[in-house]
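Q: Got a structure for you, target_2.cif, holding mmCIF, N, CA and C atoms.
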```
data_work
#
loop_
_atom_site.label_atom_id
_atom_site.label_comp_id
_atom_site.auth_asym_id
_atom_site.auth_seq_id
_atom_site.Cartn_x
_atom_site.Cartn_y
_atom_site.Cartn_z
N MET A 148 0.83 -1.17 0.00
CA MET A 148 0.00 0.00 0.00
C MET A 148 0.88 1.25 0.00
N ALA A 149 0.25 2.35 -0.33
CA ALA A 149 0.98 3.60 -0.50
C ALA A 149 1.64 4.09 0.79
N GLY A 150 1.00 3.92 1.91
CA GLY A 150 1.51 4.48 3.16
C GLY A 150 2.34 3.54 4.02
N THR A 151 2.64 2.37 3.52
CA THR A 151 3.35 1.37 4.33
C THR A 151 4.70 1.88 4.82
N MET A 152 5.45 2.55 3.94
CA MET A 152 6.77 3.01 4.33
C MET A 152 6.69 4.03 5.47
N ASN A 153 5.74 4.95 5.38
CA ASN A 153 5.59 5.94 6.45
C ASN A 153 5.14 5.29 7.75
N LYS A 154 4.27 4.27 7.66
CA LYS A 154 3.83 3.59 8.88
C LYS A 154 4.99 2.85 9.54
N VAL A 155 5.83 2.20 8.74
CA VAL A 155 6.98 1.48 9.30
C VAL A 155 7.97 2.47 9.91
N LYS A 156 8.27 3.53 9.16
CA LYS A 156 9.20 4.56 9.66
C LYS A 156 8.65 5.16 10.96
N GLY A 157 7.35 5.41 10.99
CA GLY A 157 6.73 5.99 12.17
C GLY A 157 6.79 5.06 13.37
N SER A 158 6.58 3.78 13.12
CA SER A 158 6.64 2.80 14.21
C SER A 158 8.04 2.75 14.81
N VAL A 159 9.05 2.79 13.95
CA VAL A 159 10.44 2.75 14.43
C VAL A 159 10.75 4.01 15.25
N LYS A 160 10.39 5.17 14.71
CA LYS A 160 10.64 6.42 15.43
C LYS A 160 9.91 6.44 16.77
N ASP A 161 8.67 5.99 16.76
CA ASP A 161 7.87 5.96 17.99
C ASP A 161 8.52 5.06 19.03
N ALA A 162 8.96 3.88 18.61
CA ALA A 162 9.58 2.92 19.53
C ALA A 162 10.91 3.44 20.06
N VAL A 163 11.74 3.98 19.18
CA VAL A 163 13.04 4.51 19.61
C VAL A 163 12.83 5.71 20.53
N GLY A 164 11.90 6.58 20.16
CA GLY A 164 11.62 7.74 21.00
C GLY A 164 11.12 7.33 22.38
N SER A 165 10.29 6.31 22.41
CA SER A 165 9.77 5.81 23.68
C SER A 165 10.89 5.20 24.53
N ALA A 166 11.75 4.43 23.86
CA ALA A 166 12.83 3.75 24.59
C ALA A 166 13.88 4.73 25.13
N THR A 167 14.09 5.82 24.42
CA THR A 167 15.12 6.78 24.83
C THR A 167 14.56 7.97 25.58
N GLY A 168 13.26 8.05 25.70
CA GLY A 168 12.65 9.18 26.39
C GLY A 168 12.61 10.45 25.53
N ASN A 169 12.79 10.28 24.23
CA ASN A 169 12.79 11.41 23.30
C ASN A 169 11.36 11.64 22.82
N THR A 170 10.67 12.55 23.48
CA THR A 170 9.26 12.78 23.15
C THR A 170 9.08 13.39 21.76
N ARG A 171 10.07 14.17 21.32
CA ARG A 171 9.97 14.76 19.97
C ARG A 171 10.01 13.66 18.91
N MET A 172 10.94 12.72 19.05
CA MET A 172 11.03 11.62 18.09
C MET A 172 9.76 10.76 18.15
N GLN A 173 9.27 10.56 19.34
CA GLN A 173 8.04 9.78 19.53
C GLN A 173 6.87 10.47 18.81
N ALA A 174 6.77 11.78 18.94
CA ALA A 174 5.70 12.55 18.28
C ALA A 174 5.86 12.48 16.75
N GLU A 175 7.10 12.58 16.27
CA GLU A 175 7.35 12.47 14.83
C GLU A 175 6.91 11.10 14.33
N GLY A 176 7.17 10.09 15.12
CA GLY A 176 6.77 8.73 14.75
C GLY A 176 5.26 8.60 14.64
N LYS A 177 4.57 9.18 15.59
CA LYS A 177 3.11 9.14 15.56
C LYS A 177 2.57 9.89 14.33
N MET A 178 3.21 11.02 14.00
CA MET A 178 2.80 11.78 12.82
C MET A 178 3.06 10.99 11.53
N ASP A 179 4.21 10.33 11.46
CA ASP A 179 4.53 9.52 10.28
C ASP A 179 3.53 8.37 10.11
N LYS A 180 3.17 7.74 11.24
CA LYS A 180 2.18 6.67 11.16
C LYS A 180 0.83 7.19 10.69
N ALA A 181 0.44 8.34 11.19
CA ALA A 181 -0.83 8.95 10.78
C ALA A 181 -0.80 9.30 9.29
N LYS A 182 0.33 9.81 8.84
CA LYS A 182 0.49 10.15 7.41
C LYS A 182 0.37 8.88 6.57
N GLY A 183 0.97 7.80 7.02
CA GLY A 183 0.88 6.53 6.30
C GLY A 183 -0.55 6.02 6.21
N HIS A 184 -1.28 6.13 7.30
CA HIS A 184 -2.68 5.70 7.30
C HIS A 184 -3.50 6.58 6.35
N ALA A 185 -3.22 7.89 6.34
CA ALA A 185 -3.93 8.80 5.45
C ALA A 185 -3.63 8.49 3.98
N GLU A 186 -2.37 8.16 3.69
CA GLU A 186 -2.00 7.81 2.32
C GLU A 186 -2.72 6.53 1.88
N ASP A 187 -2.81 5.56 2.78
CA ASP A 187 -3.53 4.33 2.46
C ASP A 187 -5.00 4.61 2.20
N MET A 188 -5.59 5.47 3.02
CA MET A 188 -7.00 5.81 2.86
C MET A 188 -7.23 6.54 1.53
N ALA A 189 -6.35 7.46 1.19
CA ALA A 189 -6.47 8.19 -0.08
C ALA A 189 -6.35 7.24 -1.26
N ASP A 190 -5.46 6.28 -1.15
CA ASP A 190 -5.29 5.28 -2.21
C ASP A 190 -6.56 4.44 -2.37
N SER A 191 -7.16 4.06 -1.25
CA SER A 191 -8.39 3.27 -1.29
C SER A 191 -9.53 4.07 -1.91
N VAL A 192 -9.63 5.34 -1.55
CA VAL A 192 -10.68 6.19 -2.10
C VAL A 192 -10.48 6.35 -3.61
N SER A 193 -9.25 6.54 -4.01
CA SER A 193 -8.95 6.70 -5.44
C SER A 193 -9.32 5.44 -6.22
N LYS A 194 -8.98 4.30 -5.68
CA LYS A 194 -9.32 3.03 -6.34
C LYS A 194 -10.84 2.85 -6.41
N GLY A 195 -11.52 3.22 -5.34
CA GLY A 195 -12.98 3.12 -5.32
C GLY A 195 -13.61 4.04 -6.35
N ALA A 196 -13.07 5.25 -6.47
CA ALA A 196 -13.58 6.20 -7.46
C ALA A 196 -13.36 5.67 -8.87
N ASP A 197 -12.22 5.05 -9.10
CA ASP A 197 -11.96 4.46 -10.42
C ASP A 197 -12.96 3.35 -10.73
N GLN A 198 -13.27 2.54 -9.73
CA GLN A 198 -14.24 1.46 -9.94
C GLN A 198 -15.63 2.01 -10.25
N VAL A 199 -16.02 3.06 -9.54
CA VAL A 199 -17.32 3.68 -9.79
C VAL A 199 -17.35 4.27 -11.19
N SER A 200 -16.28 4.92 -11.57
CA SER A 200 -16.19 5.51 -12.90
C SER A 200 -16.29 4.43 -13.98
N ASP A 201 -15.58 3.33 -13.79
CA ASP A 201 -15.64 2.22 -14.75
C ASP A 201 -17.04 1.63 -14.84
N ALA A 202 -17.69 1.49 -13.69
CA ALA A 202 -19.05 0.95 -13.67
C ALA A 202 -20.02 1.88 -14.39
N ALA A 203 -19.87 3.18 -14.14
CA ALA A 203 -20.74 4.16 -14.79
C ALA A 203 -20.53 4.15 -16.30
N LYS A 204 -19.30 4.01 -16.72
CA LYS A 204 -19.00 3.95 -18.15
C LYS A 204 -19.63 2.70 -18.76
N GLY A 205 -19.57 1.59 -18.04
CA GLY A 205 -20.19 0.35 -18.52
C GLY A 205 -21.69 0.50 -18.68
N VAL A 206 -22.32 1.16 -17.72
CA VAL A 206 -23.77 1.38 -17.80
C VAL A 206 -24.08 2.29 -18.98
N LYS A 207 -23.32 3.34 -19.13
CA LYS A 207 -23.51 4.28 -20.23
C LYS A 207 -23.38 3.56 -21.59
N ASP A 208 -22.34 2.74 -21.69
CA ASP A 208 -22.11 1.99 -22.93
C ASP A 208 -23.24 1.02 -23.22
N SER A 209 -23.76 0.37 -22.16
CA SER A 209 -24.84 -0.59 -22.37
C SER A 209 -26.15 0.07 -22.78
N LEU A 210 -26.32 1.32 -22.36
CA LEU A 210 -27.55 2.05 -22.73
C LEU A 210 -27.50 2.54 -24.18
N LYS A 211 -26.30 2.66 -24.73
CA LYS A 211 -26.16 3.09 -26.11
C LYS A 211 -26.58 2.01 -27.09
N LYS A 212 -26.58 0.77 -26.66
CA LYS A 212 -26.88 -0.35 -27.57
C LYS A 212 -28.34 -0.51 -27.83
#
```
Using structure tokens, write down the structure from this file.
A:
Amino acid sequence: MAGTMNKVKGSVKDAVGSATGNTRMQAEGKMDKAKGHAEDMADSVSKGADQVSDAAKGVKDSLKK
């Protein structure tokens, strides 16, 4: 998925920040994870929109016959 890299990077930063007491790194990790989830959601919405568009085109084409 589109956001996997950001989610992995965020998890690592969050864990390292937590282990070292670095709250800034921990916060960056949480932000990276959130960005990854948002990218995945945007990708899913885009794919869904493409499917709806394809279905609508199919219906339009079938009505022309």
Q: Return the single residue from A:Lys211, A:Lys204, A:Lys194, A:His184 that is closest to Asn153 (chain A), with distances computed using only N, CA and C atoms.
A: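 Checking each candidate against Asn153 (chain A), we get A:His184 as the closest.
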Q: Counting only C-alpha atoms, find residues at most 10 Å from (1.2, 10.3, 3.7) (file frame) and give them as a PDB file with N, CA and C atoms, keeping the file's coordinate frame.
A:
```
ATOM      1  N   ALA A 149       0.250   2.350  -0.330  1.00  0.00           N
ATOM      2  CA  ALA A 149       0.980   3.600  -0.500  1.00  0.00           C
ATOM      3  C   ALA A 149       1.640   4.090   0.790  1.00  0.00           C
ATOM      4  N   GLY A 150       1.000   3.920   1.910  1.00  0.00           N
ATOM      5  CA  GLY A 150       1.510   4.480   3.160  1.00  0.00           C
ATOM      6  C   GLY A 150       2.340   3.540   4.020  1.00  0.00           C
ATOM      7  N   THR A 151       2.640   2.370   3.520  1.00  0.00           N
ATOM      8  CA  THR A 151       3.350   1.370   4.330  1.00  0.00           C
ATOM      9  C   THR A 151       4.700   1.880   4.820  1.00  0.00           C
ATOM     10  N   MET A 152       5.450   2.550   3.940  1.00  0.00           N
ATOM     11  CA  MET A 152       6.770   3.010   4.330  1.00  0.00           C
ATOM     12  C   MET A 152       6.690   4.030   5.470  1.00  0.00           C
ATOM     13  N   ASN A 153       5.740   4.950   5.380  1.00  0.00           N
ATOM     14  CA  ASN A 153       5.590   5.940   6.450  1.00  0.00           C
ATOM     15  C   ASN A 153       5.140   5.290   7.750  1.00  0.00           C
ATOM     16  N   LYS A 154       4.270   4.270   7.660  1.00  0.00           N
ATOM     17  CA  LYS A 154       3.830   3.590   8.880  1.00  0.00           C
ATOM     18  C   LYS A 154       4.990   2.850   9.540  1.00  0.00           C
ATOM     19  N   MET A 178       3.210  11.020  14.000  1.00  0.00           N
ATOM     20  CA  MET A 178       2.800  11.780  12.820  1.00  0.00           C
ATOM     21  C   MET A 178       3.060  10.990  11.530  1.00  0.00           C
ATOM     22  N   ASP A 179       4.210  10.330  11.460  1.00  0.00           N
ATOM     23  CA  ASP A 179       4.530   9.520  10.280  1.00  0.00           C
ATOM     24  C   ASP A 179       3.530   8.370  10.110  1.00  0.00           C
ATOM     25  N   LYS A 180       3.170   7.740  11.240  1.00  0.00           N
ATOM     26  CA  LYS A 180       2.180   6.670  11.160  1.00  0.00           C
ATOM     27  C   LYS A 180       0.830   7.190  10.690  1.00  0.00           C
ATOM     28  N   ALA A 181       0.440   8.340  11.190  1.00  0.00           N
ATOM     29  CA  ALA A 181      -0.830   8.950  10.780  1.00  0.00           C
ATOM     30  C   ALA A 181      -0.800   9.300   9.290  1.00  0.00           C
ATOM     31  N   LYS A 182       0.330   9.810   8.840  1.00  0.00           N
ATOM     32  CA  LYS A 182       0.490  10.150   7.410  1.00  0.00           C
ATOM     33  C   LYS A 182       0.370   8.880   6.570  1.00  0.00           C
ATOM     34  N   GLY A 183       0.970   7.800   7.020  1.00  0.00           N
ATOM     35  CA  GLY A 183       0.880   6.530   6.300  1.00  0.00           C
ATOM     36  C   GLY A 183      -0.550   6.020   6.210  1.00  0.00           C
ATOM     37  N   HIS A 184      -1.280   6.130   7.300  1.00  0.00           N
ATOM     38  CA  HIS A 184      -2.680   5.700   7.300  1.00  0.00           C
ATOM     39  C   HIS A 184      -3.500   6.580   6.350  1.00  0.00           C
ATOM     40  N   ALA A 185      -3.220   7.890   6.340  1.00  0.00           N
ATOM     41  CA  ALA A 185      -3.930   8.800   5.450  1.00  0.00           C
ATOM     42  C   ALA A 185      -3.630   8.490   3.980  1.00  0.00           C
ATOM     43  N   GLU A 186      -2.370   8.160   3.690  1.00  0.00           N
ATOM     44  CA  GLU A 186      -2.000   7.810   2.320  1.00  0.00           C
ATOM     45  C   GLU A 186      -2.720   6.530   1.880  1.00  0.00           C
ATOM     46  N   ASP A 187      -2.810   5.560   2.780  1.00  0.00           N
ATOM     47  CA  ASP A 187      -3.530   4.330   2.460  1.00  0.00           C
ATOM     48  C   ASP A 187      -5.000   4.610   2.200  1.00  0.00           C
ATOM     49  N   MET A 188      -5.590   5.470   3.020  1.00  0.00           N
ATOM     50  CA  MET A 188      -7.000   5.810   2.860  1.00  0.00           C
ATOM     51  C   MET A 188      -7.230   6.540   1.530  1.00  0.00           C
ATOM     52  N   ALA A 189      -6.350   7.460   1.190  1.00  0.00           N
ATOM     53  CA  ALA A 189      -6.470   8.190  -0.080  1.00  0.00           C
ATOM     54  C   ALA A 189      -6.350   7.240  -1.260  1.00  0.00           C
TER      55      ALA A 189
END
```
Q: List the residues sitting within 6.5 Å of (11.4, 9.1, 19.1) in the file's frame, using all atoms listed in the file, as a list in words.
A: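 Checked against the point, the hits come out as Val159, Lys160, Asp161, Ala162, Val163, Gly164, Ser165, Asn169, Thr170, Arg171, Met172, Gln173, Ala174, Glu175 and Gly176 of chain A.
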Q: Quick check, in Å to one decimal: how far apart do atom N of Ser209 (chain A) and atom N of Gly195 (chain A) lie?
A: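 The value is 21.0 Å.
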Q: How many Å lie between CA of Met148 (chain A) and CA of Gln198 (chain A), rounded to one decimal?
A: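 Result for CA of Met148 (chain A) versus CA of Gln198 (chain A): 17.4 Å, one decimal.
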Q: By how many Å are atom N of Ala196 (chain A) and CA of Leu210 (chain A) apart?
A: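 Separation between atom N of Ala196 (chain A) and CA of Leu210 (chain A): 22.0 Å.
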Q: If you take every atom of region 195-209 of chain A that the file lists and fit an axis-aligned box around them with 8 Å extra on each side, what centre and edge lengths come out in Å to one decimal, as AutoDock Vina command-line options?
A:
```
--center_x -18.8 --center_y 2.8 --center_z -14.3 --size_x 30.6 --size_y 22.8 --size_z 33.9
```
Q: Export C-alpha atoms of chain A from the structure just given, as an mmCIF file, in the first residue's frame?
A:
```cif
data_model
loop_
_atom_site.group_PDB
_atom_site.id
_atom_site.type_symbol
_atom_site.label_atom_id
_atom_site.label_comp_id
_atom_site.auth_asym_id
_atom_site.auth_seq_id
_atom_site.Cartn_x
_atom_site.Cartn_y
_atom_site.Cartn_z
ATOM 1 C CA MET A 148 0.000 0.000 0.000
ATOM 2 C CA ALA A 149 0.980 3.605 -0.500
ATOM 3 C CA GLY A 150 1.510 4.481 3.162
ATOM 4 C CA THR A 151 3.350 1.373 4.326
ATOM 5 C CA MET A 152 6.774 3.012 4.331
ATOM 6 C CA ASN A 153 5.591 5.941 6.455
ATOM 7 C CA LYS A 154 3.829 3.590 8.878
ATOM 8 C CA VAL A 155 6.982 1.481 9.298
ATOM 9 C CA LYS A 156 9.197 4.560 9.659
ATOM 10 C CA GLY A 157 6.735 5.986 12.175
ATOM 11 C CA SER A 158 6.644 2.804 14.213
ATOM 12 C CA VAL A 159 10.441 2.754 14.432
ATOM 13 C CA LYS A 160 10.644 6.423 15.433
ATOM 14 C CA ASP A 161 7.868 5.965 17.994
ATOM 15 C CA ALA A 162 9.578 2.924 19.534
ATOM 16 C CA VAL A 163 13.043 4.508 19.610
ATOM 17 C CA GLY A 164 11.616 7.738 21.002
ATOM 18 C CA SER A 165 9.773 5.815 23.681
ATOM 19 C CA ALA A 166 12.834 3.750 24.589
ATOM 20 C CA THR A 167 15.119 6.779 24.828
ATOM 21 C CA GLY A 168 12.648 9.184 26.391
ATOM 22 C CA ASN A 169 12.794 11.413 23.303
ATOM 23 C CA THR A 170 9.263 12.782 23.152
ATOM 24 C CA ARG A 171 9.970 14.763 19.970
ATOM 25 C CA MET A 172 11.026 11.622 18.091
ATOM 26 C CA GLN A 173 8.042 9.778 19.527
ATOM 27 C CA ALA A 174 5.703 12.546 18.276
ATOM 28 C CA GLU A 175 7.353 12.472 14.827
ATOM 29 C CA GLY A 176 6.769 8.730 14.746
ATOM 30 C CA LYS A 177 3.106 9.136 15.556
ATOM 31 C CA MET A 178 2.802 11.785 12.816
ATOM 32 C CA ASP A 179 4.534 9.517 10.278
ATOM 33 C CA LYS A 180 2.176 6.665 11.160
ATOM 34 C CA ALA A 181 -0.833 8.946 10.776
ATOM 35 C CA LYS A 182 0.488 10.149 7.414
ATOM 36 C CA GLY A 183 0.884 6.531 6.297
ATOM 37 C CA HIS A 184 -2.682 5.700 7.296
ATOM 38 C CA ALA A 185 -3.934 8.804 5.447
ATOM 39 C CA GLU A 186 -2.001 7.807 2.319
ATOM 40 C CA ASP A 187 -3.530 4.325 2.455
ATOM 41 C CA MET A 188 -7.002 5.809 2.857
ATOM 42 C CA ALA A 189 -6.467 8.192 -0.077
ATOM 43 C CA ASP A 190 -5.290 5.276 -2.212
ATOM 44 C CA SER A 191 -8.394 3.270 -1.286
ATOM 45 C CA VAL A 192 -10.681 6.195 -2.104
ATOM 46 C CA SER A 193 -8.947 6.702 -5.436
ATOM 47 C CA LYS A 194 -9.323 3.035 -6.343
ATOM 48 C CA GLY A 195 -12.977 3.120 -5.324
ATOM 49 C CA ALA A 196 -13.583 6.196 -7.457
ATOM 50 C CA ASP A 197 -11.955 4.460 -10.420
ATOM 51 C CA GLN A 198 -14.239 1.463 -9.940
ATOM 52 C CA VAL A 199 -17.321 3.678 -9.785
ATOM 53 C CA SER A 200 -16.190 5.506 -12.904
ATOM 54 C CA ASP A 201 -15.635 2.224 -14.751
ATOM 55 C CA ALA A 202 -19.051 0.945 -13.670
ATOM 56 C CA ALA A 203 -20.740 4.157 -14.786
ATOM 57 C CA LYS A 204 -18.999 3.948 -18.152
ATOM 58 C CA GLY A 205 -20.192 0.349 -18.516
ATOM 59 C CA VAL A 206 -23.765 1.377 -17.799
ATOM 60 C CA LYS A 207 -23.513 4.278 -20.234
ATOM 61 C CA ASP A 208 -22.110 1.991 -22.932
ATOM 62 C CA SER A 209 -24.837 -0.593 -22.372
ATOM 63 C CA LEU A 210 -27.545 2.053 -22.730
ATOM 64 C CA LYS A 211 -26.158 3.095 -26.110
ATOM 65 C CA LYS A 212 -26.878 -0.347 -27.569
#
```
